[in-house]
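Quick notes on the structure that follows.
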Amino acid sequence: MCCNENFQERNEGEKIQTTLDLNLISGMKFFDPHVHMTSRTTDDYQAMADAGIVALIEPAFWLGQPRTGVDSFTDYYSSLIGWERFRSSQFGIKHYCTIGLNSREANNEQLAEQVMEILPNFIFKEGVVGIGEIGFDDQTAAEEKYFRLQLDLALEAGLPVQIHTPHRDKKKGTQRSMDIAIEHGLAPHMVIIDHNNEETVKDVLDRGFYAAFTIYPFTKMGNERMVEVVKQYGSEKIMINSAADWGISDPLAVPKTAALMVQSGISVKDIELVSYGNAITAFGQSGQINENDFGTIKTVDQSQKFESNSILRGGQQPRIDKNSIIIS
Amino acid sequence: MSSSVKAQLNELNSIFLSILKKNLSSDAFAWLNDKADQVRTEERAIQLNQTFSQLPKHAGKSTLVVSEDDATAIAAMVPGFSLTDWSIDRLARVWLLMQVPIIDKDAYLKKINGLFVASEMNEQVALYAALPFYAYPEEWIVKAENGIRSNIGTVLEAIMYHNPFPATYLSENAFNQLVLKAFFTEKDVTRITGLYTRINKALQDTLSDYVAERTAAHRTVEPNIYQIIDYKTQTI
């Protein structure tokens, strides 16, 4: 998450009131395999649906401050497979998640032990497509301990792993994460290494892991750099995500980057793979992703229509005119 | 549980099973039966939890096909209940819940409550749709009341639509909340089982206030509301 404190400068800048033009990618569909919708508004869901996002994965992470009891984790995991899934369905977006103990909170060992005990109650649920996001933050001994335990759990459950790589000391942290995954017997194709950059990508791909890139302003990848990465490394085993959360981030990062790729002359096939197909191939190894569900979710959750009229019944959200000052 | 209720549940159990047989592939049906055997005998809830979660993978989520004969038989046995709009996995889940041994009350409650705690959205739908078929019905009243507080549309419908539990067991206050919530969330109130048997003055007064409030705000009102407000009950 971004921690800039330059809000005065930011707020004093010119107010921007433009409409985003996504004509370049009109008709394309997208899969954002890393986005923390818990921290986003319903407006974001609407904008994502409008931009062509048909499905997403919400990895379990920390909530901006440390939790103090195991029940908070139970409620959080349960909201990922319950309430958040419903919220998403209202906009016709299929919501998946990965479940895991994040690295920061692994440092509270007493609590971490209790969280490990409840994980098996959630990882076998419908729509849970992996263990994640797990890995290193400060690269402490406790982080390593729970990273290893969760790799064993993933292996036992036959689930892919979504690995968060650290902001600080990223290159070494990434290599170490891969070494440990191999040591625990995970096949590289079952592991998605996240938050890559130009310095880590070659090693990750050479060793047969999936390489995910987070398009996130200021602190992670910019999408112009992403275009260059795809030009150099192609589209095999590469995927992009927004990792949008409470920071200054962008839930439209995937479609925007696809638009930039169209503009930059990258082939439609490569764009389709990095912004949709590869994520489905990787996380689909869980046996939990069915592309047919993307289309049917609308009819499932909109079945609440009255037989003879078209009033929506608790399903799809009605649309409001954002450009009107009238709120009715 | 009285012997007549028991006999009825047994009969329902076998109708559900025969509907499932017609809707499931032979592999999925065999898998489900094998798992149900384990659920009937296990002391802990491991098989129950796993089977309950994994069901859609095996059963699929298509809409259930129910023959007219079966539908008629079910309607006669459990008035107000129907399998309309149910998916295959939902019936399979509800049937599985009916296989949990009920003799040890505490163990039974613990197993079903455990499923609620870690339930995924569609699992919640099945858990609430099963309300009429749990043993110890009085133990599920609070659960049903909590379910009505949910904002998940499909969960509300599982409690409201073609489900005889609320009209049979909820207090006047709780049932009135269900009806109010149905209007607030624009549900099809004609599908609420037993609505007209539970109409009361407090409900009619609150609905009249609601109509006044909507009218003042220049918002529309669901026409069915007037039938309830004007309905003459014997106690009024």
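Each chain in the structure tokens gets a letter, A, B, ..., in the order shown, and its residues are numbered from 1; ligands are numbered from 1 in order too.
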Q.
What are the residues of chain B lining chain A at 8 Å or less? Count only C-alpha atoms, and put the answer as a PyMOL selection string.
A. chain B and resi 49-50+53-54+56-57+117-121+152-154+185-188
Could the residues in this selection be saved with N, CA and C atoms as a short mmCIF file (atom, residue, chain, number, x, y, z; two decimals), in the first residue's frame?
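Okay, this is what ended up in out32.cif:
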```cif
data_model
loop_
_atom_site.label_atom_id
_atom_site.label_comp_id
_atom_site.auth_asym_id
_atom_site.auth_seq_id
_atom_site.Cartn_x
_atom_site.Cartn_y
_atom_site.Cartn_z
N ASN B 49 -18.22 -31.50 6.44
CA ASN B 49 -17.70 -30.22 5.98
C ASN B 49 -17.17 -30.30 4.55
N GLN B 50 -16.38 -31.33 4.30
CA GLN B 50 -15.76 -31.46 2.98
C GLN B 50 -16.81 -31.71 1.90
N SER B 53 -18.90 -28.66 1.11
CA SER B 53 -18.18 -27.67 0.31
C SER B 53 -17.98 -28.13 -1.13
N GLN B 54 -17.66 -29.42 -1.29
CA GLN B 54 -17.27 -29.90 -2.62
C GLN B 54 -18.46 -30.26 -3.51
N PRO B 56 -20.88 -28.74 -5.27
CA PRO B 56 -21.13 -28.16 -6.59
C PRO B 56 -20.19 -28.71 -7.66
N LYS B 57 -18.96 -29.04 -7.26
CA LYS B 57 -17.99 -29.59 -8.19
C LYS B 57 -18.50 -30.90 -8.80
N VAL B 117 -20.84 -21.19 10.41
CA VAL B 117 -19.74 -20.28 10.74
C VAL B 117 -18.82 -20.03 9.55
N ALA B 118 -18.48 -21.07 8.82
CA ALA B 118 -17.52 -20.90 7.71
C ALA B 118 -18.22 -21.01 6.37
N SER B 119 -19.47 -20.55 6.28
CA SER B 119 -20.20 -20.81 5.04
C SER B 119 -19.92 -19.81 3.94
N GLU B 120 -19.79 -20.31 2.75
CA GLU B 120 -19.63 -19.53 1.53
C GLU B 120 -21.04 -19.09 1.10
N MET B 121 -21.13 -18.13 0.20
CA MET B 121 -22.43 -17.53 -0.14
C MET B 121 -23.49 -18.55 -0.55
N ILE B 152 -27.52 -10.19 1.71
CA ILE B 152 -27.27 -10.99 0.52
C ILE B 152 -28.62 -11.45 -0.03
N GLY B 153 -28.96 -10.95 -1.21
CA GLY B 153 -30.29 -11.16 -1.78
C GLY B 153 -30.69 -12.62 -1.84
N THR B 154 -29.76 -13.47 -2.27
CA THR B 154 -30.11 -14.88 -2.45
C THR B 154 -30.35 -15.57 -1.10
N THR B 185 -36.42 -4.70 0.12
CA THR B 185 -35.43 -5.22 -0.81
C THR B 185 -36.08 -5.66 -2.12
N GLU B 186 -37.32 -5.24 -2.33
CA GLU B 186 -38.04 -5.48 -3.59
C GLU B 186 -38.13 -6.95 -3.95
N LYS B 187 -38.46 -7.76 -2.95
CA LYS B 187 -38.65 -9.18 -3.20
C LYS B 187 -40.09 -9.44 -3.66
N ASP B 188 -40.28 -10.61 -4.26
CA ASP B 188 -41.60 -11.01 -4.72
C ASP B 188 -42.38 -11.58 -3.52
#
```
Q) Which neighbours of Gly147 of chain B fall inside 10 Å, counting only C-alpha atoms, when residues of the same chain fewer than 6 positions from it are skipped, and could you give them as a PyMOL selection string? A) chain B and resi 124-125+128+141+155-156+158-159+178
Residues of the last selection are to be written out with N, CA and C atoms, as an mmCIF file, in the first residue's frame.
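See again36.cif below for the written result:
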```cif
data_model
loop_
_atom_site.group_PDB
_atom_site.id
_atom_site.type_symbol
_atom_site.label_atom_id
_atom_site.label_comp_id
_atom_site.auth_asym_id
_atom_site.auth_seq_id
_atom_site.Cartn_x
_atom_site.Cartn_y
_atom_site.Cartn_z
ATOM 1 N N GLN B 124 -24.580 -20.720 2.329
ATOM 2 C CA GLN B 124 -25.568 -20.048 3.192
ATOM 3 C C GLN B 124 -26.973 -20.228 2.637
ATOM 4 N N VAL B 125 -27.086 -20.111 1.323
ATOM 5 C CA VAL B 125 -28.394 -20.276 0.686
ATOM 6 C C VAL B 125 -28.957 -21.665 1.019
ATOM 7 N N TYR B 128 -29.949 -22.063 4.808
ATOM 8 C CA TYR B 128 -31.221 -21.435 5.176
ATOM 9 C C TYR B 128 -32.408 -22.103 4.474
ATOM 10 N N ILE B 141 -34.701 -20.877 15.316
ATOM 11 C CA ILE B 141 -35.470 -19.636 15.203
ATOM 12 C C ILE B 141 -34.545 -18.416 15.182
ATOM 13 N N VAL B 155 -29.682 -15.111 -0.058
ATOM 14 C CA VAL B 155 -29.901 -15.670 1.279
ATOM 15 C C VAL B 155 -31.299 -15.302 1.774
ATOM 16 N N LEU B 156 -31.660 -14.037 1.569
ATOM 17 C CA LEU B 156 -33.007 -13.602 1.958
ATOM 18 C C LEU B 156 -34.064 -14.440 1.257
ATOM 19 N N ALA B 158 -33.806 -17.420 0.127
ATOM 20 C CA ALA B 158 -33.835 -18.802 0.623
ATOM 21 C C ALA B 158 -34.725 -18.908 1.858
ATOM 22 N N ILE B 159 -34.782 -17.839 2.647
ATOM 23 C CA ILE B 159 -35.627 -17.856 3.845
ATOM 24 C C ILE B 159 -37.065 -17.472 3.502
ATOM 25 N N LEU B 178 -39.509 -9.806 8.548
ATOM 26 C CA LEU B 178 -39.280 -10.510 7.285
ATOM 27 C C LEU B 178 -40.099 -9.873 6.160
#
```
Q: State, in Å with one decimal place, the distance from atom CA of Ala112 of chain A to atom CA of Ala157 of chain A.
A: 19.5 Å
Q.
Can you measure atom CA of Ile182 of chain A to atom CA of Val35 of chain A for me? One decimal in Å is fine.
A. 26.5 Å
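Once Ile102 of chain B and its same-chain neighbours fewer than 4 positions away are set aside, Ala107, Tyr108 and Ala135 of chain B remain within 8 Å of it when counting only C-alpha atoms.
Shortest separation to Pro101 of chain B among B:Asn176, B:Ser2, B:Ser87, B:Gln38 occurs at residue B:Gln38, atoms counted being only C-alpha atoms.
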